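Structure data (compact mmCIF, C-alpha atoms) from structure27.txt:
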# COMPACT_ATOMS: atom_id res chain seq x y z
CA MET A 1 -0.68 -34.49 -51.66
CA TYR A 2 2.57 -32.65 -50.92
CA ASN A 3 6.15 -33.84 -51.32
CA PHE A 4 8.17 -32.72 -48.33
CA ASP A 5 11.02 -35.02 -49.35
CA GLU A 6 11.75 -32.99 -52.49
CA ILE A 7 15.24 -31.48 -52.49
CA ILE A 8 15.07 -28.01 -54.06
CA ASN A 9 18.15 -26.26 -55.40
CA ARG A 10 18.16 -22.71 -54.03
CA ASN A 11 21.39 -21.62 -55.67
CA ASN A 12 21.26 -18.42 -57.73
CA THR A 13 18.03 -17.26 -56.10
CA ASN A 14 19.61 -14.59 -53.85
CA SER A 15 18.63 -16.79 -50.90
CA LEU A 16 19.73 -15.54 -47.49
CA SER A 17 19.96 -19.15 -46.38
CA VAL A 18 22.38 -20.02 -49.18
CA ASP A 19 24.32 -16.81 -49.72
CA GLY A 20 24.01 -14.81 -46.50
CA TRP A 21 25.34 -17.21 -43.91
CA ARG A 22 28.94 -16.06 -43.56
CA GLN A 23 28.47 -12.87 -41.55
CA SER A 24 25.81 -14.44 -39.35
CA ILE A 25 27.66 -17.66 -38.56
CA LEU A 26 31.31 -16.53 -38.65
CA GLY A 27 30.91 -12.85 -37.74
CA ASN A 28 34.17 -11.04 -38.34
CA ASP A 29 36.08 -14.31 -38.66
CA ASP A 30 37.47 -14.41 -42.21
CA GLU A 31 38.73 -18.00 -41.94
CA MET A 32 37.78 -20.09 -44.94
CA VAL A 33 35.27 -22.92 -44.75
CA GLU A 34 36.28 -25.88 -46.89
CA ASN A 35 33.93 -27.26 -49.55
CA GLU A 36 31.50 -24.35 -49.36
CA GLU A 37 29.60 -25.77 -52.31
CA ASP A 38 28.66 -28.75 -50.10
CA LEU A 39 27.41 -26.85 -47.05
CA LEU A 40 24.29 -28.17 -45.33
CA ARG A 41 22.03 -25.39 -44.10
CA PHE A 42 20.01 -25.65 -40.90
CA TRP A 43 20.41 -22.11 -39.66
CA ILE A 44 18.02 -19.34 -40.66
CA ALA A 45 14.33 -19.92 -39.92
CA ASP A 46 12.88 -20.48 -43.34
CA MET A 47 12.01 -23.93 -44.66
CA ASP A 48 13.61 -26.02 -47.38
CA PHE A 49 10.11 -27.09 -48.44
CA ALA A 50 8.30 -25.67 -51.42
CA THR A 51 5.95 -22.81 -50.61
CA PRO A 52 2.43 -24.29 -50.90
CA PRO A 53 1.22 -24.62 -54.49
CA GLU A 54 -2.03 -22.85 -53.59
CA ILE A 55 0.00 -19.74 -52.73
CA ARG A 56 2.15 -19.95 -55.84
CA GLU A 57 -0.93 -20.36 -58.04
CA ALA A 58 -2.61 -17.34 -56.44
CA ILE A 59 0.48 -15.24 -57.13
CA LYS A 60 0.54 -16.44 -60.75
CA ARG A 61 -3.12 -15.49 -61.16
CA ARG A 62 -2.40 -12.03 -59.78
CA LEU A 63 0.49 -11.69 -62.25
CA ASP A 64 -1.96 -12.45 -65.02
CA ASP A 65 -3.78 -9.22 -64.12
CA LYS A 66 -0.73 -7.65 -65.82
CA ILE A 67 -0.30 -4.49 -63.71
CA LEU A 68 1.62 -4.40 -60.43
CA GLY A 69 0.79 -0.86 -59.38
CA TYR A 70 0.56 0.81 -55.96
CA THR A 71 -1.49 -1.52 -53.79
CA GLU A 72 -3.19 -1.60 -50.40
CA THR A 73 -5.86 -3.85 -48.88
CA TYR A 74 -9.12 -2.23 -49.93
CA ASP A 75 -11.04 -5.48 -50.34
CA PRO A 76 -12.76 -6.34 -47.00
CA GLU A 77 -12.45 -10.03 -47.89
CA TYR A 78 -8.75 -9.87 -46.93
CA TYR A 79 -9.64 -9.01 -43.35
CA ILE A 80 -12.47 -11.52 -43.27
CA THR A 81 -9.94 -14.18 -44.28
CA LEU A 82 -7.70 -13.31 -41.33
CA TYR A 83 -10.67 -13.25 -38.98
CA LYS A 84 -11.82 -16.69 -40.12
CA TRP A 85 -8.32 -18.21 -39.81
CA PHE A 86 -7.84 -17.29 -36.16
CA LYS A 87 -11.41 -18.23 -35.32
CA ARG A 88 -11.12 -21.56 -37.14
CA ARG A 89 -7.69 -22.58 -35.87
CA TYR A 90 -7.63 -21.11 -32.35
CA ASN A 91 -11.15 -19.87 -31.53
CA VAL A 92 -9.67 -16.37 -31.23
CA THR A 93 -11.80 -13.41 -32.24
CA ILE A 94 -9.57 -10.71 -33.71
CA ASN A 95 -10.56 -7.10 -34.13
CA THR A 96 -9.57 -6.40 -37.71
CA ASN A 97 -9.90 -2.65 -37.12
CA ASN A 98 -6.72 -2.85 -35.03
CA ILE A 99 -4.54 -4.28 -37.83
CA VAL A 100 -1.63 -2.40 -39.33
CA PHE A 101 0.94 -3.82 -41.73
CA SER A 102 4.69 -4.26 -41.50
CA PRO A 103 7.26 -5.87 -43.82
CA GLY A 104 7.88 -8.36 -41.00
CA VAL A 105 7.83 -8.79 -37.25
CA VAL A 106 11.43 -7.61 -36.88
CA PRO A 107 10.74 -4.26 -38.64
CA ALA A 108 7.62 -3.99 -36.49
CA LEU A 109 9.70 -4.29 -33.31
CA ASN A 110 12.10 -1.61 -34.52
CA ARG A 111 9.18 0.70 -35.24
CA LEU A 112 7.28 -0.01 -32.03
CA VAL A 113 10.11 0.58 -29.56
CA PRO A 114 10.30 4.37 -30.13
CA LEU A 115 6.50 4.61 -30.24
CA LEU A 116 6.06 2.90 -26.87
CA THR A 117 9.07 4.14 -24.91
CA GLN A 118 10.98 7.32 -24.22
CA PRO A 119 14.79 7.48 -24.58
CA ASN A 120 15.28 7.00 -20.82
CA GLU A 121 12.92 3.97 -20.70
CA ASN A 122 14.16 0.45 -21.17
CA ILE A 123 13.25 -3.11 -22.22
CA LEU A 124 13.18 -6.56 -20.64
CA ILE A 125 13.44 -9.86 -22.54
CA ALA A 126 13.73 -13.50 -21.44
CA THR A 127 16.84 -15.40 -22.54
CA PRO A 128 17.86 -17.29 -24.53
CA SER A 129 16.20 -14.88 -26.91
CA TYR A 130 15.73 -14.22 -30.58
CA THR A 131 18.50 -11.66 -31.13
CA PRO A 132 16.38 -9.04 -32.98
CA PHE A 133 14.49 -8.47 -29.71
CA LYS A 134 17.68 -7.07 -28.22
CA LYS A 135 18.63 -5.28 -31.43
CA ALA A 136 15.26 -3.49 -31.45
CA GLY A 137 16.37 -1.87 -28.20
CA ASP A 138 19.96 -1.33 -29.25
CA ASN A 139 18.92 0.25 -32.56
CA ASN A 140 16.75 2.75 -30.69
CA CYS A 141 19.26 3.52 -27.90
CA ARG A 142 17.24 1.73 -25.21
CA LYS A 143 18.94 -0.49 -22.65
CA VAL A 144 17.85 -4.11 -22.87
CA PHE A 145 17.83 -6.11 -19.64
CA THR A 146 17.53 -9.89 -19.56
CA SER A 147 15.86 -12.46 -17.34
CA LYS A 148 17.19 -15.99 -17.73
CA LEU A 149 14.62 -18.71 -18.34
CA LYS A 150 14.93 -21.67 -15.98
CA ASN A 151 15.86 -24.92 -17.72
CA THR A 152 14.79 -28.22 -16.17
CA ASP A 153 15.78 -31.13 -18.41
CA GLY A 154 14.99 -29.11 -21.52
CA TYR A 155 11.70 -27.66 -20.21
CA TYR A 156 11.92 -23.89 -19.86
CA ILE A 157 9.90 -21.66 -17.54
CA ASN A 158 10.00 -17.97 -16.71
CA ASP A 159 11.68 -16.82 -13.52
CA PHE A 160 8.77 -14.69 -12.32
CA GLU A 161 10.55 -13.58 -9.14
CA ASP A 162 13.43 -12.23 -11.19
CA ILE A 163 11.07 -10.60 -13.69
CA GLU A 164 9.20 -8.78 -10.92
CA ARG A 165 12.48 -7.73 -9.29
CA GLN A 166 13.58 -6.11 -12.50
CA LEU A 167 10.24 -4.56 -13.43
CA SER A 168 9.99 -2.98 -9.97
CA ASP A 169 13.53 -1.55 -10.03
CA PRO A 170 13.26 2.23 -10.58
CA ASP A 171 16.89 2.43 -11.65
CA LYS A 172 16.22 0.09 -14.57
CA ASN A 173 13.05 1.99 -15.54
CA ILE A 174 11.72 -0.89 -17.67
CA LYS A 175 8.64 0.09 -19.66
CA LEU A 176 8.45 -2.65 -22.30
CA PHE A 177 8.51 -6.46 -22.17
CA ILE A 178 8.95 -8.30 -25.48
CA LEU A 179 7.28 -11.70 -25.25
CA CYS A 180 7.85 -14.59 -27.66
CA ASN A 181 4.99 -17.10 -27.75
CA PRO A 182 5.71 -19.78 -28.89
CA HIS A 183 9.22 -19.11 -27.70
CA ASN A 184 12.21 -18.91 -30.03
CA PRO A 185 14.60 -20.75 -29.64
CA THR A 186 13.28 -23.18 -26.98
CA GLY A 187 9.90 -23.91 -28.58
CA ARG A 188 7.91 -23.48 -25.36
CA VAL A 189 4.23 -22.70 -25.77
CA TRP A 190 3.32 -20.65 -22.72
CA THR A 191 0.19 -21.76 -20.89
CA LYS A 192 -2.77 -19.51 -20.22
CA GLU A 193 -1.73 -19.31 -16.57
CA GLU A 194 1.88 -18.41 -17.41
CA LEU A 195 0.77 -15.69 -19.79
CA GLN A 196 -1.64 -14.23 -17.27
CA GLN A 197 0.98 -14.20 -14.53
CA LEU A 198 3.52 -12.48 -16.76
CA ILE A 199 1.14 -9.91 -18.21
CA LYS A 200 -0.36 -9.06 -14.82
CA LEU A 201 3.15 -8.30 -13.59
CA CYS A 202 3.63 -5.99 -16.55
CA PHE A 203 0.34 -4.25 -15.85
CA ARG A 204 1.26 -3.85 -12.18
CA TYR A 205 4.35 -1.86 -13.11
CA ASP A 206 2.81 -0.04 -16.08
CA VAL A 207 4.89 -1.91 -18.66
CA TRP A 208 3.93 -2.38 -22.32
CA VAL A 209 3.83 -5.90 -23.78
CA ILE A 210 4.68 -6.79 -27.37
CA ALA A 211 3.74 -10.41 -28.11
CA ASP A 212 5.49 -12.03 -31.07
CA GLU A 213 3.24 -14.96 -32.04
CA ILE A 214 4.81 -15.73 -35.41
CA HIS A 215 5.36 -19.44 -34.62
CA CYS A 216 1.84 -20.11 -33.34
CA ASP A 217 0.73 -22.23 -36.32
CA LEU A 218 3.63 -24.69 -36.01
CA LEU A 219 2.37 -26.66 -33.01
CA ARG A 220 3.05 -30.32 -32.31
CA GLN A 221 0.00 -32.53 -32.43
CA ASP A 222 -2.32 -32.09 -29.41
CA GLU A 223 -0.56 -28.92 -28.20
CA ILE A 224 -2.80 -25.96 -27.41
CA PHE A 225 -1.80 -22.39 -28.21
CA THR A 226 -3.14 -19.49 -26.17
CA SER A 227 -2.89 -16.12 -27.87
CA VAL A 228 -2.73 -12.98 -25.76
CA LEU A 229 -5.47 -11.76 -28.09
CA SER A 230 -7.78 -14.32 -26.50
CA LEU A 231 -6.89 -13.21 -22.96
CA TYR A 232 -6.73 -9.44 -23.44
CA PRO A 233 -8.32 -8.77 -26.85
CA ASP A 234 -8.42 -4.98 -26.71
CA HIS A 235 -6.07 -4.04 -23.91
CA PRO A 236 -4.41 -0.72 -24.78
CA LYS A 237 -0.96 -1.77 -23.50
CA ILE A 238 -0.61 -5.01 -25.47
CA ILE A 239 0.46 -5.26 -29.11
CA THR A 240 0.47 -8.59 -30.95
CA CYS A 241 2.47 -9.51 -34.05
CA THR A 242 1.65 -12.35 -36.44
CA ALA A 243 2.66 -13.27 -39.98
CA PRO A 244 2.24 -16.00 -42.59
CA SER A 245 5.98 -16.11 -43.24
CA LYS A 246 7.09 -18.93 -40.93
CA THR A 247 3.94 -21.00 -41.37
CA PHE A 248 3.84 -21.05 -45.17
CA ASN A 249 7.50 -20.43 -46.05
CA MET A 250 6.85 -17.03 -47.61
CA ALA A 251 9.22 -14.77 -45.64
CA GLY A 252 10.31 -13.12 -48.88
CA CYS A 253 6.79 -11.76 -49.37
CA LEU A 254 7.45 -9.20 -46.62
CA ILE A 255 4.07 -8.99 -44.93
CA SER A 256 3.01 -9.22 -41.29
CA HIS A 257 0.04 -8.12 -39.24
CA VAL A 258 0.40 -6.00 -36.13
CA TYR A 259 -2.60 -5.69 -33.80
CA ILE A 260 -2.59 -2.32 -32.02
CA PRO A 261 -5.73 -1.74 -29.91
CA ASN A 262 -4.40 1.58 -28.57
CA ASP A 263 -5.95 4.26 -30.80
CA VAL A 264 -3.18 6.79 -30.15
CA ILE A 265 -0.33 4.40 -30.92
CA ARG A 266 -2.11 3.01 -33.96
CA LYS A 267 -2.64 6.53 -35.29
CA GLN A 268 1.04 7.34 -34.76
CA TRP A 269 2.05 4.12 -36.53
CA ILE A 270 -0.14 4.94 -39.54
CA GLU A 271 1.26 8.48 -39.71
CA LYS A 272 4.86 7.24 -39.66
CA HIS A 273 4.68 3.84 -41.34
CA SER A 274 1.69 3.65 -43.67
CA GLU A 275 2.50 0.79 -46.03
CA ILE A 276 2.19 0.38 -49.75
CA LEU A 277 1.97 -3.40 -50.09
CA SER A 278 3.05 -5.87 -52.73
CA PRO A 279 0.03 -7.09 -54.72
CA LEU A 280 1.71 -10.50 -54.92
CA SER A 281 2.08 -10.64 -51.12
CA ILE A 282 -1.58 -9.81 -50.64
CA ALA A 283 -2.65 -12.52 -53.07
CA GLY A 284 -0.30 -15.07 -51.50
CA THR A 285 -1.32 -14.29 -47.94
CA GLN A 286 -5.02 -14.48 -48.70
CA ALA A 287 -4.53 -17.83 -50.42
CA ALA A 288 -2.48 -19.12 -47.48
CA TYR A 289 -5.13 -18.33 -44.90
CA THR A 290 -7.97 -19.52 -47.16
CA HIS A 291 -6.72 -22.67 -48.89
CA CYS A 292 -3.71 -24.05 -47.00
CA ASP A 293 -5.16 -25.71 -43.88
CA ASN A 294 -4.54 -29.14 -45.37
CA TRP A 295 -0.98 -28.27 -46.42
CA LEU A 296 -0.23 -27.02 -42.90
CA ASP A 297 -1.69 -30.13 -41.27
CA GLN A 298 0.47 -32.35 -43.48
CA LEU A 299 3.52 -30.18 -42.84
CA LYS A 300 3.07 -30.59 -39.09
CA ILE A 301 2.92 -34.37 -39.43
CA TYR A 302 6.20 -34.31 -41.37
CA LEU A 303 7.84 -31.97 -38.84
CA ASP A 304 6.71 -34.18 -35.95
CA ALA A 305 8.34 -37.16 -37.66
CA ASN A 306 11.53 -35.16 -38.26
CA PHE A 307 11.68 -34.27 -34.57
CA SER A 308 11.19 -37.90 -33.59
CA PHE A 309 13.93 -38.91 -36.01
CA LEU A 310 16.24 -36.26 -34.54
CA GLN A 311 15.55 -37.31 -30.96
CA ASN A 312 16.16 -40.99 -31.69
CA TYR A 313 19.31 -40.22 -33.66
CA LEU A 314 20.79 -38.17 -30.85
CA ARG A 315 19.95 -40.80 -28.25
CA THR A 316 21.74 -43.43 -30.33
CA HIS A 317 24.73 -41.53 -31.72
CA LEU A 318 25.25 -38.55 -29.38
CA PRO A 319 23.88 -39.82 -26.06
CA LEU A 320 25.39 -36.96 -24.06
CA ALA A 321 23.40 -34.40 -26.04
CA LYS A 322 20.30 -33.09 -24.29
CA PHE A 323 17.23 -32.48 -26.39
CA GLU A 324 13.48 -32.39 -25.87
CA ILE A 325 11.04 -32.09 -28.77
CA PRO A 326 9.68 -28.52 -28.68
CA GLN A 327 5.97 -27.83 -28.28
CA SER A 328 6.05 -25.62 -31.38
CA THR A 329 8.30 -24.23 -34.14
CA TYR A 330 10.52 -26.22 -36.48
CA LEU A 331 13.61 -25.28 -34.47
CA ALA A 332 15.51 -27.80 -32.37
CA TRP A 333 17.31 -26.35 -29.33
CA ILE A 334 20.04 -28.89 -28.59
CA ASP A 335 22.46 -28.88 -25.65
CA LEU A 336 25.87 -30.12 -26.84
CA SER A 337 27.79 -28.79 -23.86
CA GLU A 338 28.97 -32.23 -22.71
CA TYR A 339 30.83 -32.59 -26.00
CA LEU A 340 32.21 -29.05 -25.95
CA LYS A 341 33.25 -28.47 -22.33
CA ASN A 342 36.91 -27.74 -21.78
CA THR A 343 37.12 -26.56 -25.39
CA PRO A 344 37.10 -23.02 -26.83
CA HIS A 345 33.93 -23.83 -28.80
CA MET A 346 31.28 -23.56 -26.06
CA ASN A 347 30.26 -20.07 -27.07
CA ARG A 348 30.95 -20.27 -30.83
CA THR A 349 29.46 -23.62 -31.69
CA GLY A 350 27.96 -22.45 -34.97
CA ALA A 351 31.30 -21.29 -36.33
CA TYR A 352 32.99 -24.47 -35.10
CA LEU A 353 30.57 -26.81 -36.87
CA ALA A 354 30.63 -24.73 -40.06
CA LYS A 355 34.41 -25.04 -40.26
CA GLN A 356 34.74 -28.61 -39.10
CA CYS A 357 31.95 -30.37 -40.95
CA GLY A 358 30.21 -27.92 -43.26
CA VAL A 359 26.99 -27.80 -41.27
CA LEU A 360 25.37 -24.40 -40.76
CA VAL A 361 23.52 -24.05 -37.47
CA GLU A 362 23.20 -21.13 -35.10
CA GLY A 363 25.20 -21.42 -31.91
CA GLY A 364 23.79 -20.49 -28.53
CA ASP A 365 25.95 -17.36 -28.51
CA MET A 366 23.61 -15.96 -31.17
CA PHE A 367 20.67 -15.84 -28.72
CA VAL A 368 21.79 -12.99 -26.43
CA ASP A 369 22.78 -15.10 -23.39
CA ASN A 370 21.90 -18.28 -21.44
CA GLY A 371 22.78 -20.45 -24.44
CA ASP A 372 26.41 -21.55 -24.17
CA GLY A 373 26.94 -25.03 -25.54
CA PHE A 374 23.62 -25.06 -27.43
CA ILE A 375 22.78 -25.01 -31.10
CA ARG A 376 19.53 -24.05 -32.80
CA MET A 377 18.92 -26.40 -35.70
CA ASN A 378 16.19 -25.81 -38.29
CA ILE A 379 14.73 -29.25 -39.07
CA ALA A 380 12.19 -28.03 -41.68
CA CYS A 381 13.94 -29.87 -44.47
CA PRO A 382 13.78 -33.22 -46.27
CA ARG A 383 14.62 -36.01 -43.83
CA SER A 384 17.48 -37.19 -46.02
CA LEU A 385 19.23 -33.83 -45.53
CA LEU A 386 18.56 -33.90 -41.79
CA HIS A 387 20.11 -37.37 -41.59
CA LYS A 388 23.15 -36.24 -43.57
CA GLY A 389 23.67 -33.19 -41.35
CA LEU A 390 23.35 -35.18 -38.13
CA ALA A 391 25.87 -37.71 -39.39
CA ARG A 392 28.40 -34.92 -40.03
CA ILE A 393 27.82 -33.37 -36.60
CA THR A 394 28.15 -36.78 -34.94
CA LYS A 395 31.44 -37.51 -36.67
CA THR A 396 32.86 -34.13 -35.62
CA LEU A 397 31.78 -34.31 -31.98
CA SER A 398 32.69 -37.96 -31.58
CA ASN A 399 36.24 -37.13 -32.62
Rewrite the structure of this file - the entire thing - as structure tokens.
Amino acid sequence: MYNFDEIINRNNTNSLSVDGWRQSILGNDDEMVENEEDLLRFWIADMDFATPPEIREAIKRRLDDKILGYTETYDPEYYITLYKWFKRRYNVTINTNNIVFSPGVVPALNRLVPLLTQPNENILIATPSYTPFKKAGDNNCRKVFTSKLKNTDGYYINDFEDIERQLSDPDKNIKLFILCNPHNPTGRVWTKEELQQLIKLCFRYDVWVIADEIHCDLLRQDEIFTSVLSLYPDHPKIITCTAPSKTFNMAGCLISHVYIPNDVIRKQWIEKHSEILSPLSIAGTQAAYTHCDNWLDQLKIYLDANFSFLQNYLRTHLPLAKFEIPQSTYLAWIDLSEYLKNTPHMNRTGAYLAKQCGVLVEGGDMFVDNGDGFIRMNIACPRSLLHKGLARITKTLSN
């Protein structure tokens, strides 16, 4: 029913993927990249697939109402839709009374840090890490400490001994742990037991937990996702963030759902950040969670095949690369260190590949630490483009 092989021209759409790559990939490096009109983009985490037609049609219908005035979610059906989605897909019962809105998970993190911590209280994250986790601390003048995930042949686990050491250190005064489940960039889906062990440690040392679950819908076949909402549905020291943006390729709609069981914190959020919402975003989100199960199921089949293609390609053409298909996300975390060792490119791989072969990926240096020699490659694209990008990378590294 859906054509995931369609190549869509995103030029002249003010796309961050197309037009906003330079600062992210090259930083302050003003060196030119040859043939910029022929760049292949696998960097930022939105998809090169069409947003589901059911969502686009719902937005068109809302446009036909002719007025785009100040809008909030007064219709209880919106919340019923969210409730049914999480019950249907994950057997999770959400308390819709705890929901507040944010333009995205990243703005939510920036807003939550000063609500949950004092200026002398600090944050712990596991690395490699999605960089905005660290920036949420930096932007609010909190120190951000890191605990390196343990990597065994591409399978990552938390170092619980290190986490407890840091949480118990009075000099570090850590009062917030930002959890990513499924994890970005490694794609790990934490088990129920892992989540319980981590969260119990946080409770022991009176530490808040923010759980970013934005990638939860993008599971491989037969993988099981455990939401912290299912383990601790109304715990006052856990906040959970979800959004339709990654799942349905609608990041530009600027809507996410933040579950805050703590009445005091939720009240403070509403006082400081009460949102006027886009009527088009509301219509699109409601359509996504009502009518797009089939689209998502077909998307996941296509992504699984893309990951298999990637794995087989690397084994054949770049056998020294280390890669395991992630349990979730559409992000491939690939270890290219064997091809980059003894070169100056270990910690700026993204910039190197952009300049050498016109392929935009994010290097491991863009994930706080514990990522030297890695790239994060977004494979949510037509397979023909993925093949073309891999061929360019192979030619560059083989030389």
Report task. Within 12 Å of stretch 165-168 of chain A, counting all atoms listed in the file, which residues show up once you throw out same-chain ones fewer than 5 positions away? Write them as a PyMOL selection string, please. Result -> chain A and resi 121-126+144-148+159-160+173-177+198-208
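By chain and then residue number, the residues within 6 Å of stretch 316-328 of chain A are Gly154, Gly187, Arg188, Val189, Leu218, Leu219, Arg220, Ile334, Asp335 and Leu336 of chain A, counting all atoms listed in the file and disregarding those fewer than 5 positions away in sequence.
Proximity of A:Leu195, A:Ala283, A:Val100, A:Ile94 to A:Lys60, computed with only C-alpha atoms, is greatest for A:Ala283.
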Query - Top pick for closest residue to A:Leu390, considering A:Cys216, A:Leu310, A:Ile7, A:Cys180 and counting only C-alpha atoms - result: A:Leu310
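In terms of minimum interatomic distance to A:Ile375, A:Asn347 ranks closest within A:Asn110, A:Thr71, A:Asn347, A:Asn262, counting only C-alpha atoms.
Atom CA of A:Asp169 to atom CA of A:Asp369 spans 21.2 Å [interatomic distance, one decimal].
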**Report entry** Spatial neighbours of A:Asp65, max dist 12 Å, all atoms listed in the file, sep filter under 4 positions, as a PyMOL selection string
**Finding:** chain A and resi 58-61+69+279-280+283
Query raised in the report: To one decimal place, how far is atom CA of A:Ile80 from atom CA of A:Ala211 in Å?
Result: 22.2 Å
Query raised in the report: Of the candidates A:Lys246, A:Lys267, A:His291, A:Arg22, which shows the shortest atom-to-atom distance to A:Thr81, using only C-alpha atoms?
Result: A:His291
